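Data block for input-v2.pdb (PDB, N, CA and C atoms):
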```
ATOM      1  N   MET A   9       0.835  -1.170   0.000
ATOM      2  CA  MET A   9       0.000   0.000   0.000
ATOM      3  C   MET A   9       0.892   1.250   0.000
ATOM      4  N   ILE A  10       0.492   2.237  -0.795
ATOM      5  CA  ILE A  10       1.262   3.473  -0.908
ATOM      6  C   ILE A  10       0.905   4.405   0.245
ATOM      7  N   ASP A  11       1.931   4.958   0.866
ATOM      8  CA  ASP A  11       1.767   5.921   1.945
ATOM      9  C   ASP A  11       1.041   7.162   1.417
ATOM     10  N   GLU A  12       0.094   7.670   2.192
ATOM     11  CA  GLU A  12      -0.704   8.826   1.766
ATOM     12  C   GLU A  12       0.161  10.075   1.583
ATOM     13  N   GLY A  13       1.186  10.226   2.416
ATOM     14  CA  GLY A  13       2.096  11.367   2.262
ATOM     15  C   GLY A  13       2.850  11.308   0.940
ATOM     16  N   LEU A  14       3.269  10.107   0.569
ATOM     17  CA  LEU A  14       3.955   9.929  -0.719
ATOM     18  C   LEU A  14       2.997  10.212  -1.867
ATOM     19  N   ARG A  15       1.761   9.744  -1.737
ATOM     20  CA  ARG A  15       0.751  10.002  -2.781
ATOM     21  C   ARG A  15       0.556  11.497  -2.983
ATOM     22  N   LYS A  16       0.440  12.241  -1.896
ATOM     23  CA  LYS A  16       0.245  13.692  -1.980
ATOM     24  C   LYS A  16       1.463  14.364  -2.608
ATOM     25  N   ALA A  17       2.651  13.879  -2.279
ATOM     26  CA  ALA A  17       3.874  14.444  -2.852
ATOM     27  C   ALA A  17       3.908  14.229  -4.361
ATOM     28  N   VAL A  18       3.501  13.053  -4.812
ATOM     29  CA  VAL A  18       3.479  12.761  -6.245
ATOM     30  C   VAL A  18       2.421  13.613  -6.943
ATOM     31  N   GLU A  19       1.265  13.785  -6.309
ATOM     32  CA  GLU A  19       0.226  14.647  -6.879
ATOM     33  C   GLU A  19       0.743  16.076  -7.035
ATOM     34  N   THR A  20       1.489  16.543  -6.049
ATOM     35  CA  THR A  20       2.083  17.882  -6.132
ATOM     36  C   THR A  20       3.075  17.952  -7.295
ATOM     37  N   LEU A  21       3.900  16.925  -7.436
ATOM     38  CA  LEU A  21       4.855  16.897  -8.550
ATOM     39  C   LEU A  21       4.137  16.898  -9.901
ATOM     40  N   ALA A  22       3.031  16.171  -9.999
ATOM     41  CA  ALA A  22       2.270  16.134 -11.252
ATOM     42  C   ALA A  22       1.695  17.512 -11.569
ATOM     43  N   ARG A  23       1.163  18.193 -10.552
ATOM     44  CA  ARG A  23       0.641  19.555 -10.771
ATOM     45  C   ARG A  23       1.756  20.499 -11.203
ATOM     46  N   GLU A  24       2.909  20.385 -10.552
ATOM     47  CA  GLU A  24       4.049  21.227 -10.918
ATOM     48  C   GLU A  24       4.523  20.939 -12.335
ATOM     49  N   GLU A  25       4.510  19.671 -12.729
ATOM     50  CA  GLU A  25       4.895  19.301 -14.094
ATOM     51  C   GLU A  25       3.904  19.874 -15.096
ATOM     52  N   LEU A  26       2.620  19.835 -14.772
ATOM     53  CA  LEU A  26       1.614  20.415 -15.654
ATOM     54  C   LEU A  26       1.849  21.918 -15.817
ATOM     55  N   GLN A  27       2.135  22.602 -14.727
ATOM     56  CA  GLN A  27       2.405  24.041 -14.801
ATOM     57  C   GLN A  27       3.642  24.326 -15.649
ATOM     58  N   ARG A  28       4.694  23.531 -15.459
ATOM     59  CA  ARG A  28       5.925  23.723 -16.227
ATOM     60  C   ARG A  28       5.673  23.474 -17.711
ATOM     61  N   ALA A  29       5.012  22.369 -18.007
ATOM     62  CA  ALA A  29       4.769  22.010 -19.400
ATOM     63  C   ALA A  29       3.814  22.991 -20.074
ATOM     64  N   SER A  30       2.865  23.531 -19.320
ATOM     65  CA  SER A  30       1.905  24.474 -19.895
ATOM     66  C   SER A  30       2.571  25.767 -20.336
ATOM     67  N   LYS A  31       3.681  26.112 -19.705
ATOM     68  CA  LYS A  31       4.432  27.308 -20.119
ATOM     69  C   LYS A  31       5.140  27.090 -21.453
ATOM     70  N   ILE A  32       5.427  25.833 -21.769
ATOM     71  CA  ILE A  32       6.175  25.488 -22.977
ATOM     72  C   ILE A  32       5.249  25.087 -24.118
ATOM     73  N   HIS A  33       4.217  24.295 -23.792
ATOM     74  CA  HIS A  33       3.337  23.716 -24.805
ATOM     75  C   HIS A  33       1.942  24.326 -24.710
ATOM     76  N   PRO A  34       1.367  24.686 -25.836
ATOM     77  CA  PRO A  34       0.011  25.257 -25.809
ATOM     78  C   PRO A  34      -1.019  24.191 -25.425
ATOM     79  N   PRO A  35      -2.234  24.620 -25.100
ATOM     80  CA  PRO A  35      -3.297  23.649 -24.809
ATOM     81  C   PRO A  35      -3.539  22.743 -26.017
ATOM     82  N   PHE A  36      -4.078  21.582 -25.751
ATOM     83  CA  PHE A  36      -4.411  20.670 -26.850
ATOM     84  C   PHE A  36      -5.464  21.323 -27.732
ATOM     85  N   THR A  37      -5.336  21.101 -29.027
ATOM     86  CA  THR A  37      -6.308  21.666 -29.962
ATOM     87  C   THR A  37      -7.593  20.848 -29.997
ATOM     88  N   ASP A  38      -7.499  19.564 -29.695
ATOM     89  CA  ASP A  38      -8.685  18.707 -29.688
ATOM     90  C   ASP A  38      -8.362  17.414 -28.948
ATOM     91  N   MET A  39      -9.358  16.552 -28.835
ATOM     92  CA  MET A  39      -9.178  15.287 -28.116
ATOM     93  C   MET A  39      -8.160  14.384 -28.802
ATOM     94  N   HIS A  40      -8.084  14.453 -30.133
ATOM     95  CA  HIS A  40      -7.137  13.605 -30.854
ATOM     96  C   HIS A  40      -5.701  13.946 -30.474
ATOM     97  N   GLN A  41      -5.396  15.225 -30.391
ATOM     98  CA  GLN A  41      -4.049  15.630 -29.993
ATOM     99  C   GLN A  41      -3.778  15.212 -28.545
ATOM    100  N   GLY A  42      -4.750  15.406 -27.676
ATOM    101  CA  GLY A  42      -4.593  14.990 -26.280
ATOM    102  C   GLY A  42      -4.332  13.501 -26.173
ATOM    103  N   TYR A  43      -5.077  12.726 -26.945
ATOM    104  CA  TYR A  43      -4.880  11.278 -26.960
ATOM    105  C   TYR A  43      -3.466  10.937 -27.407
ATOM    106  N   ALA A  44      -3.015  11.568 -28.482
ATOM    107  CA  ALA A  44      -1.687  11.264 -29.023
ATOM    108  C   ALA A  44      -0.590  11.562 -28.009
ATOM    109  N   VAL A  45      -0.725  12.669 -27.306
ATOM    110  CA  VAL A  45       0.310  13.047 -26.339
ATOM    111  C   VAL A  45       0.303  12.092 -25.146
ATOM    112  N   ILE A  46      -0.869  11.769 -24.618
ATOM    113  CA  ILE A  46      -0.905  10.855 -23.474
ATOM    114  C   ILE A  46      -0.445   9.459 -23.889
ATOM    115  N   LYS A  47      -0.776   9.051 -25.109
ATOM    116  CA  LYS A  47      -0.333   7.748 -25.625
ATOM    117  C   LYS A  47       1.195   7.707 -25.683
ATOM    118  N   GLU A  48       1.794   8.785 -26.170
ATOM    119  CA  GLU A  48       3.258   8.850 -26.255
ATOM    120  C   GLU A  48       3.896   8.747 -24.869
ATOM    121  N   GLU A  49       3.337   9.462 -23.919
ATOM    122  CA  GLU A  49       3.883   9.421 -22.557
ATOM    123  C   GLU A  49       3.741   8.034 -21.943
ATOM    124  N   ILE A  50       2.629   7.377 -22.186
ATOM    125  CA  ILE A  50       2.434   6.019 -21.668
ATOM    126  C   ILE A  50       3.416   5.054 -22.311
ATOM    127  N   GLU A  51       3.664   5.208 -23.604
ATOM    128  CA  GLU A  51       4.647   4.352 -24.278
ATOM    129  C   GLU A  51       6.038   4.553 -23.675
ATOM    130  N   GLU A  52       6.368   5.788 -23.300
ATOM    131  CA  GLU A  52       7.661   6.042 -22.653
ATOM    132  C   GLU A  52       7.721   5.352 -21.293
ATOM    133  N   CYS A  53       6.606   5.311 -20.572
ATOM    134  CA  CYS A  53       6.545   4.558 -19.304
ATOM    135  C   CYS A  53       6.783   3.075 -19.556
ATOM    136  N   GLU A  54       6.135   2.555 -20.573
ATOM    137  CA  GLU A  54       6.287   1.131 -20.895
ATOM    138  C   GLU A  54       7.732   0.803 -21.229
ATOM    139  N   GLU A  55       8.395   1.668 -21.984
ATOM    140  CA  GLU A  55       9.804   1.446 -22.328
ATOM    141  C   GLU A  55      10.670   1.436 -21.071
ATOM    142  N   ALA A  56      10.424   2.381 -20.175
ATOM    143  CA  ALA A  56      11.205   2.443 -18.937
ATOM    144  C   ALA A  56      10.951   1.199 -18.079
ATOM    145  N   LEU A  57       9.700   0.767 -17.987
ATOM    146  CA  LEU A  57       9.388  -0.435 -17.210
ATOM    147  C   LEU A  57      10.025  -1.669 -17.839
ATOM    148  N   ASN A  58      10.018  -1.764 -19.151
ATOM    149  CA  ASN A  58      10.678  -2.889 -19.821
ATOM    150  C   ASN A  58      12.162  -2.917 -19.497
ATOM    151  N   THR A  59      12.784  -1.740 -19.452
ATOM    152  CA  THR A  59      14.207  -1.675 -19.107
ATOM    153  C   THR A  59      14.440  -2.163 -17.684
ATOM    154  N   VAL A  60      13.585  -1.748 -16.759
ATOM    155  CA  VAL A  60      13.697  -2.216 -15.373
ATOM    156  C   VAL A  60      13.571  -3.740 -15.327
ATOM    157  N   ASN A  61      12.585  -4.269 -16.040
ATOM    158  CA  ASN A  61      12.382  -5.724 -16.047
ATOM    159  C   ASN A  61      13.563  -6.466 -16.651
ATOM    160  N   ASN A  62      14.163  -5.911 -17.690
ATOM    161  CA  ASN A  62      15.342  -6.542 -18.290
ATOM    162  C   ASN A  62      16.484  -6.629 -17.282
ATOM    163  N   HIS A  63      16.687  -5.561 -16.531
ATOM    164  CA  HIS A  63      17.765  -5.577 -15.540
ATOM    165  C   HIS A  63      17.423  -6.498 -14.372
ATOM    166  N   LEU A  64      16.154  -6.666 -14.093
ATOM    167  CA  LEU A  64      15.759  -7.626 -13.060
ATOM    168  C   LEU A  64      16.139  -9.044 -13.480
ATOM    169  N   ASP A  65      15.995  -9.339 -14.770
ATOM    170  CA  ASP A  65      16.422 -10.647 -15.265
ATOM    171  C   ASP A  65      17.921 -10.851 -15.053
ATOM    172  N   TYR A  66      18.705  -9.796 -15.298
ATOM    173  CA  TYR A  66      20.152  -9.894 -15.065
ATOM    174  C   TYR A  66      20.437 -10.124 -13.582
ATOM    175  N   ILE A  67      19.710  -9.418 -12.724
ATOM    176  CA  ILE A  67      19.912  -9.598 -11.280
ATOM    177  C   ILE A  67      19.666 -11.051 -10.886
ATOM    178  N   TRP A  68      18.623 -11.647 -11.443
ATOM    179  CA  TRP A  68      18.325 -13.034 -11.096
ATOM    180  C   TRP A  68      19.499 -13.943 -11.435
ATOM    181  N   ASN A  69      20.132 -13.689 -12.572
ATOM    182  CA  ASN A  69      21.310 -14.483 -12.935
ATOM    183  C   ASN A  69      22.435 -14.293 -11.929
ATOM    184  N   TYR A  70      22.613 -13.077 -11.448
ATOM    185  CA  TYR A  70      23.649 -12.827 -10.441
ATOM    186  C   TYR A  70      23.283 -13.462  -9.102
ATOM    187  N   VAL A  71      22.017 -13.512  -8.763
ATOM    188  CA  VAL A  71      21.574 -14.181  -7.529
ATOM    189  C   VAL A  71      21.922 -15.666  -7.615
ATOM    190  N   LYS A  72      21.615 -16.272  -8.759
ATOM    191  CA  LYS A  72      21.850 -17.713  -8.917
ATOM    192  C   LYS A  72      23.335 -18.067  -8.867
ATOM    193  N   THR A  73      24.199 -17.122  -9.259
ATOM    194  CA  THR A  73      25.638 -17.403  -9.263
ATOM    195  C   THR A  73      26.364 -16.762  -8.081
ATOM    196  N   ASP A  74      25.591 -16.205  -7.148
ATOM    197  CA  ASP A  74      26.163 -15.537  -5.964
ATOM    198  C   ASP A  74      27.179 -14.465  -6.343
ATOM    199  N   ASP A  75      26.892 -13.699  -7.391
ATOM    200  CA  ASP A  75      27.775 -12.629  -7.857
ATOM    201  C   ASP A  75      27.297 -11.302  -7.276
ATOM    202  N   LEU A  76      27.832 -10.952  -6.111
ATOM    203  CA  LEU A  76      27.413  -9.738  -5.416
ATOM    204  C   LEU A  76      27.766  -8.483  -6.207
ATOM    205  N   LYS A  77      28.928  -8.468  -6.842
ATOM    206  CA  LYS A  77      29.348  -7.293  -7.621
ATOM    207  C   LYS A  77      28.371  -7.045  -8.784
ATOM    208  N   GLY A  78      28.028  -8.093  -9.512
ATOM    209  CA  GLY A  78      27.076  -7.958 -10.613
ATOM    210  C   GLY A  78      25.704  -7.548 -10.117
ATOM    211  N   PHE A  79      25.305  -8.128  -8.972
ATOM    212  CA  PHE A  79      24.018  -7.794  -8.374
ATOM    213  C   PHE A  79      23.951  -6.310  -8.047
ATOM    214  N   LYS A  80      24.978  -5.780  -7.402
ATOM    215  CA  LYS A  80      25.006  -4.358  -7.034
ATOM    216  C   LYS A  80      24.968  -3.466  -8.274
ATOM    217  N   PHE A  81      25.704  -3.850  -9.303
ATOM    218  CA  PHE A  81      25.731  -3.079 -10.545
ATOM    219  C   PHE A  81      24.324  -2.984 -11.137
ATOM    220  N   GLU A  82      23.660  -4.118 -11.227
ATOM    221  CA  GLU A  82      22.320  -4.140 -11.807
ATOM    222  C   GLU A  82      21.314  -3.430 -10.905
ATOM    223  N   ALA A  83      21.472  -3.544  -9.589
ATOM    224  CA  ALA A  83      20.567  -2.851  -8.662
ATOM    225  C   ALA A  83      20.667  -1.341  -8.861
ATOM    226  N   ARG A  84      21.881  -0.838  -9.079
ATOM    227  CA  ARG A  84      22.039   0.599  -9.352
ATOM    228  C   ARG A  84      21.317   0.993 -10.637
ATOM    229  N   LEU A  85      21.404   0.154 -11.644
ATOM    230  CA  LEU A  85      20.721   0.438 -12.906
ATOM    231  C   LEU A  85      19.211   0.387 -12.734
ATOM    232  N   ILE A  86      18.731  -0.565 -11.962
ATOM    233  CA  ILE A  86      17.293  -0.635 -11.710
ATOM    234  C   ILE A  86      16.823   0.639 -11.014
ATOM    235  N   LYS A  87      17.585   1.090 -10.046
ATOM    236  CA  LYS A  87      17.215   2.341  -9.370
ATOM    237  C   LYS A  87      17.162   3.489 -10.370
ATOM    238  N   LYS A  88      18.169   3.590 -11.210
ATOM    239  CA  LYS A  88      18.230   4.669 -12.207
ATOM    240  C   LYS A  88      17.001   4.627 -13.118
ATOM    241  N   TYR A  89      16.693   3.470 -13.662
ATOM    242  CA  TYR A  89      15.577   3.368 -14.593
ATOM    243  C   TYR A  89      14.223   3.422 -13.890
ATOM    244  N   ALA A  90      14.154   3.014 -12.636
ATOM    245  CA  ALA A  90      12.919   3.167 -11.873
ATOM    246  C   ALA A  90      12.630   4.649 -11.637
ATOM    247  N   MET A  91      13.684   5.425 -11.418
ATOM    248  CA  MET A  91      13.500   6.867 -11.290
ATOM    249  C   MET A  91      13.001   7.457 -12.608
ATOM    250  N   GLU A  92      13.553   7.012 -13.710
ATOM    251  CA  GLU A  92      13.077   7.463 -15.026
ATOM    252  C   GLU A  92      11.610   7.093 -15.216
ATOM    253  N   LEU A  93      11.255   5.883 -14.817
ATOM    254  CA  LEU A  93       9.869   5.433 -14.906
ATOM    255  C   LEU A  93       8.971   6.342 -14.068
ATOM    256  N   SER A  94       9.416   6.686 -12.872
ATOM    257  CA  SER A  94       8.642   7.579 -12.008
ATOM    258  C   SER A  94       8.426   8.932 -12.666
ATOM    259  N   LEU A  95       9.472   9.466 -13.269
ATOM    260  CA  LEU A  95       9.363  10.760 -13.948
ATOM    261  C   LEU A  95       8.380  10.677 -15.113
ATOM    262  N   GLU A  96       8.464   9.604 -15.871
ATOM    263  CA  GLU A  96       7.537   9.425 -16.996
ATOM    264  C   GLU A  96       6.101   9.300 -16.493
ATOM    265  N   ALA A  97       5.903   8.575 -15.391
ATOM    266  CA  ALA A  97       4.562   8.409 -14.839
ATOM    267  C   ALA A  97       3.994   9.745 -14.358
ATOM    268  N   ILE A  98       4.832  10.572 -13.799
ATOM    269  CA  ILE A  98       4.396  11.908 -13.384
ATOM    270  C   ILE A  98       3.967  12.713 -14.607
ATOM    271  N   GLN A  99       4.691  12.557 -15.714
ATOM    272  CA  GLN A  99       4.296  13.242 -16.943
ATOM    273  C   GLN A  99       2.956  12.716 -17.451
ATOM    274  N   VAL A 100       2.720  11.423 -17.336
ATOM    275  CA  VAL A 100       1.424  10.863 -17.739
ATOM    276  C   VAL A 100       0.313  11.514 -16.914
ATOM    277  N   ALA A 101       0.520  11.618 -15.609
ATOM    278  CA  ALA A 101      -0.496  12.234 -14.747
ATOM    279  C   ALA A 101      -0.733  13.692 -15.136
ATOM    280  N   ALA A 102       0.331  14.411 -15.444
ATOM    281  CA  ALA A 102       0.193  15.816 -15.839
ATOM    282  C   ALA A 102      -0.555  15.942 -17.162
ATOM    283  N   VAL A 103      -0.221  15.097 -18.116
ATOM    284  CA  VAL A 103      -0.901  15.137 -19.413
ATOM    285  C   VAL A 103      -2.371  14.749 -19.248
ATOM    286  N   ALA A 104      -2.643  13.784 -18.383
ATOM    287  CA  ALA A 104      -4.033  13.395 -18.145
ATOM    288  C   ALA A 104      -4.829  14.576 -17.587
ATOM    289  N   GLU A 105      -4.231  15.327 -16.693
ATOM    290  CA  GLU A 105      -4.894  16.513 -16.146
ATOM    291  C   GLU A 105      -5.125  17.541 -17.255
ATOM    292  N   LYS A 106      -4.133  17.731 -18.085
ATOM    293  CA  LYS A 106      -4.281  18.662 -19.211
ATOM    294  C   LYS A 106      -5.372  18.172 -20.168
ATOM    295  N   PHE A 107      -5.430  16.871 -20.372
ATOM    296  CA  PHE A 107      -6.445  16.257 -21.221
ATOM    297  C   PHE A 107      -7.836  16.505 -20.625
ATOM    298  N   MET A 108      -7.958  16.356 -19.312
ATOM    299  CA  MET A 108      -9.247  16.605 -18.665
ATOM    300  C   MET A 108      -9.664  18.057 -18.824
ATOM    301  N   ASP A 109      -8.700  18.973 -18.828
ATOM    302  CA  ASP A 109      -9.013  20.386 -19.020
ATOM    303  C   ASP A 109      -9.707  20.621 -20.352
ATOM    304  N   ILE A 110      -9.212  19.980 -21.411
ATOM    305  CA  ILE A 110      -9.851  20.159 -22.732
ATOM    306  C   ILE A 110     -11.232  19.514 -22.729
ATOM    307  N   LEU A 111     -11.384  18.394 -22.064
ATOM    308  CA  LEU A 111     -12.695  17.741 -21.995
ATOM    309  C   LEU A 111     -13.683  18.591 -21.206
ATOM    310  N   ASP A 112     -13.199  19.241 -20.142
ATOM    311  CA  ASP A 112     -14.072  20.136 -19.365
ATOM    312  C   ASP A 112     -14.550  21.302 -20.227
ATOM    313  N   SER A 113     -13.668  21.828 -21.083
ATOM    314  CA  SER A 113     -14.058  22.955 -21.922
ATOM    315  C   SER A 113     -15.036  22.513 -23.014
ATOM    316  N   VAL A 114     -14.961  21.254 -23.453
ATOM    317  CA  VAL A 114     -15.880  20.738 -24.476
ATOM    318  C   VAL A 114     -17.270  20.565 -23.862
ATOM    319  N   GLU A 115     -17.334  20.148 -22.605
ATOM    320  CA  GLU A 115     -18.610  19.910 -21.935
ATOM    321  C   GLU A 115     -19.381  21.188 -21.686
ATOM    322  N   GLU A 116     -18.664  22.288 -21.532
ATOM    323  CA  GLU A 116     -19.328  23.554 -21.168
ATOM    324  C   GLU A 116     -20.071  24.183 -22.305
TER     325      GLU A 116
END
```
Using the file provided, produce a representation of the structure as structure tokens.
Amino acid sequence: MIDEGLRKAVETLAREELQRASKIHPPFTDMHQGYAVIKEEIEECEEALNTVNNHLDYIWNYVKTDDLKGFKFEARLIKKYAMELSLEAIQVAAVAEKFMDILDSVEE
């Protein structure tokens, strides 16, 4: 279970990312553009998660051979790519919020 304090911190990061990105990128012109952008961000998450999983496979090989040095090397890489995955996921949340903004304006 995710700690509520951590959840709130991530929500804050997503809002901050939306504010940062909104200064650089204009609002979506329509739902199709919003879909394309969120799809791209999700694909980047999938790529990062695949990288983490690949390194987990390497770690398993080091566990089976009792190779502590290899294990530590791969653990550092998993941490690095897990952080990348976290950043990508925050971008997905920010884009989703931006996407909801365009949907709210369509409903009005």
Problem set entry | Closest of A:Ile46, A:Met9, A:Ala90, A:Ala83 to A:Val60 - atom-to-atom distances counting only C-alpha atoms |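 Of A:Ile46, A:Met9, A:Ala90, A:Ala83, the one nearest A:Val60 is A:Ala90, counting only C-alpha atoms.
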For this session: Run through the PyMOL selection byres (((chain A and resi 22-26 and name CA) around 8) and name CA) on the given coordinates and return the selected residues as a list in words.
Result: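 The output of the PyMOL selection byres (((chain A and resi 22-26 and name CA) around 8) and name CA) on this file is Val18, Glu19, Thr20, Leu21, Gln27, Arg28, Ala29, Ser30, Ile98, Gln99, Ala101, Ala102, Val103, Glu105 and Lys106 of chain A.
Take the candidates A:Glu92, A:Asp74, A:Asp11, A:Asp109 and check each one against A:Cys53 using only N, CA and C atoms; the shortest distance goes to A:Glu92.
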Problem set entry | Among listed residues A:Asp75, A:Glu48, A:Asp38, A:Glu82, nearest A:Asn61 (using only C-alpha atoms) |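 So, comparing all the options, the nearest one is A:Glu82.
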Residues picked by the PyMOL selection byres (((chain A and resi 86 and name CA) around 12) and name CA) here, as a PDB file with N, CA and C atoms, keeping the file's coordinate frame?
```pdb
ATOM      1  N   ALA A  56      10.424   2.381 -20.175  1.00  0.00           N
ATOM      2  CA  ALA A  56      11.205   2.443 -18.937  1.00  0.00           C
ATOM      3  C   ALA A  56      10.951   1.199 -18.079  1.00  0.00           C
ATOM      4  N   LEU A  57       9.700   0.767 -17.987  1.00  0.00           N
ATOM      5  CA  LEU A  57       9.388  -0.435 -17.210  1.00  0.00           C
ATOM      6  C   LEU A  57      10.025  -1.669 -17.839  1.00  0.00           C
ATOM      7  N   ASN A  58      10.018  -1.764 -19.151  1.00  0.00           N
ATOM      8  CA  ASN A  58      10.678  -2.889 -19.821  1.00  0.00           C
ATOM      9  C   ASN A  58      12.162  -2.917 -19.497  1.00  0.00           C
ATOM     10  N   THR A  59      12.784  -1.740 -19.452  1.00  0.00           N
ATOM     11  CA  THR A  59      14.207  -1.675 -19.107  1.00  0.00           C
ATOM     12  C   THR A  59      14.440  -2.163 -17.684  1.00  0.00           C
ATOM     13  N   VAL A  60      13.585  -1.748 -16.759  1.00  0.00           N
ATOM     14  CA  VAL A  60      13.697  -2.216 -15.373  1.00  0.00           C
ATOM     15  C   VAL A  60      13.571  -3.740 -15.327  1.00  0.00           C
ATOM     16  N   ASN A  61      12.585  -4.269 -16.040  1.00  0.00           N
ATOM     17  CA  ASN A  61      12.382  -5.724 -16.047  1.00  0.00           C
ATOM     18  C   ASN A  61      13.563  -6.466 -16.651  1.00  0.00           C
ATOM     19  N   ASN A  62      14.163  -5.911 -17.690  1.00  0.00           N
ATOM     20  CA  ASN A  62      15.342  -6.542 -18.290  1.00  0.00           C
ATOM     21  C   ASN A  62      16.484  -6.629 -17.282  1.00  0.00           C
ATOM     22  N   HIS A  63      16.687  -5.561 -16.531  1.00  0.00           N
ATOM     23  CA  HIS A  63      17.765  -5.577 -15.540  1.00  0.00           C
ATOM     24  C   HIS A  63      17.423  -6.498 -14.372  1.00  0.00           C
ATOM     25  N   LEU A  64      16.154  -6.666 -14.093  1.00  0.00           N
ATOM     26  CA  LEU A  64      15.759  -7.626 -13.060  1.00  0.00           C
ATOM     27  C   LEU A  64      16.139  -9.044 -13.480  1.00  0.00           C
ATOM     28  N   ASP A  65      15.995  -9.339 -14.770  1.00  0.00           N
ATOM     29  CA  ASP A  65      16.422 -10.647 -15.265  1.00  0.00           C
ATOM     30  C   ASP A  65      17.921 -10.851 -15.053  1.00  0.00           C
ATOM     31  N   TYR A  66      18.705  -9.796 -15.298  1.00  0.00           N
ATOM     32  CA  TYR A  66      20.152  -9.894 -15.065  1.00  0.00           C
ATOM     33  C   TYR A  66      20.437 -10.124 -13.582  1.00  0.00           C
ATOM     34  N   ILE A  67      19.710  -9.418 -12.724  1.00  0.00           N
ATOM     35  CA  ILE A  67      19.912  -9.598 -11.280  1.00  0.00           C
ATOM     36  C   ILE A  67      19.666 -11.051 -10.886  1.00  0.00           C
ATOM     37  N   PHE A  79      25.305  -8.128  -8.972  1.00  0.00           N
ATOM     38  CA  PHE A  79      24.018  -7.794  -8.374  1.00  0.00           C
ATOM     39  C   PHE A  79      23.951  -6.310  -8.047  1.00  0.00           C
ATOM     40  N   LYS A  80      24.978  -5.780  -7.402  1.00  0.00           N
ATOM     41  CA  LYS A  80      25.006  -4.358  -7.034  1.00  0.00           C
ATOM     42  C   LYS A  80      24.968  -3.466  -8.274  1.00  0.00           C
ATOM     43  N   PHE A  81      25.704  -3.850  -9.303  1.00  0.00           N
ATOM     44  CA  PHE A  81      25.731  -3.079 -10.545  1.00  0.00           C
ATOM     45  C   PHE A  81      24.324  -2.984 -11.137  1.00  0.00           C
ATOM     46  N   GLU A  82      23.660  -4.118 -11.227  1.00  0.00           N
ATOM     47  CA  GLU A  82      22.320  -4.140 -11.807  1.00  0.00           C
ATOM     48  C   GLU A  82      21.314  -3.430 -10.905  1.00  0.00           C
ATOM     49  N   ALA A  83      21.472  -3.544  -9.589  1.00  0.00           N
ATOM     50  CA  ALA A  83      20.567  -2.851  -8.662  1.00  0.00           C
ATOM     51  C   ALA A  83      20.667  -1.341  -8.861  1.00  0.00           C
ATOM     52  N   ARG A  84      21.881  -0.838  -9.079  1.00  0.00           N
ATOM     53  CA  ARG A  84      22.039   0.599  -9.352  1.00  0.00           C
ATOM     54  C   ARG A  84      21.317   0.993 -10.637  1.00  0.00           C
ATOM     55  N   LEU A  85      21.404   0.154 -11.644  1.00  0.00           N
ATOM     56  CA  LEU A  85      20.721   0.438 -12.906  1.00  0.00           C
ATOM     57  C   LEU A  85      19.211   0.387 -12.734  1.00  0.00           C
ATOM     58  N   LYS A  87      17.585   1.090 -10.046  1.00  0.00           N
ATOM     59  CA  LYS A  87      17.215   2.341  -9.370  1.00  0.00           C
ATOM     60  C   LYS A  87      17.162   3.489 -10.370  1.00  0.00           C
ATOM     61  N   LYS A  88      18.169   3.590 -11.210  1.00  0.00           N
ATOM     62  CA  LYS A  88      18.230   4.669 -12.207  1.00  0.00           C
ATOM     63  C   LYS A  88      17.001   4.627 -13.118  1.00  0.00           C
ATOM     64  N   TYR A  89      16.693   3.470 -13.662  1.00  0.00           N
ATOM     65  CA  TYR A  89      15.577   3.368 -14.593  1.00  0.00           C
ATOM     66  C   TYR A  89      14.223   3.422 -13.890  1.00  0.00           C
ATOM     67  N   ALA A  90      14.154   3.014 -12.636  1.00  0.00           N
ATOM     68  CA  ALA A  90      12.919   3.167 -11.873  1.00  0.00           C
ATOM     69  C   ALA A  90      12.630   4.649 -11.637  1.00  0.00           C
ATOM     70  N   MET A  91      13.684   5.425 -11.418  1.00  0.00           N
ATOM     71  CA  MET A  91      13.500   6.867 -11.290  1.00  0.00           C
ATOM     72  C   MET A  91      13.001   7.457 -12.608  1.00  0.00           C
ATOM     73  N   GLU A  92      13.553   7.012 -13.710  1.00  0.00           N
ATOM     74  CA  GLU A  92      13.077   7.463 -15.026  1.00  0.00           C
ATOM     75  C   GLU A  92      11.610   7.093 -15.216  1.00  0.00           C
ATOM     76  N   LEU A  93      11.255   5.883 -14.817  1.00  0.00           N
ATOM     77  CA  LEU A  93       9.869   5.433 -14.906  1.00  0.00           C
ATOM     78  C   LEU A  93       8.971   6.342 -14.068  1.00  0.00           C
ATOM     79  N   SER A  94       9.416   6.686 -12.872  1.00  0.00           N
ATOM     80  CA  SER A  94       8.642   7.579 -12.008  1.00  0.00           C
ATOM     81  C   SER A  94       8.426   8.932 -12.666  1.00  0.00           C
TER      82      SER A  94
END
```
Exercise. Distance atom C of A:Ala17-atom C of A:Lys31, one decimal place?
Worked result: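 Distance between the two atoms: 21.4 Å.
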Exercise. What is the distance, in Å and to one decimal place, between atom C of A:Ile10 and atom C of A:Glu49?
Worked result: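 Answer for the atom C of A:Ile10 to atom C of A:Glu49 separation: 22.7 Å.
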Problem set entry | Coordinates-based distance that separates atom CA of A:Tyr70 from atom CA of A:Glu51 (Å, one decimal) | 29.1 Å
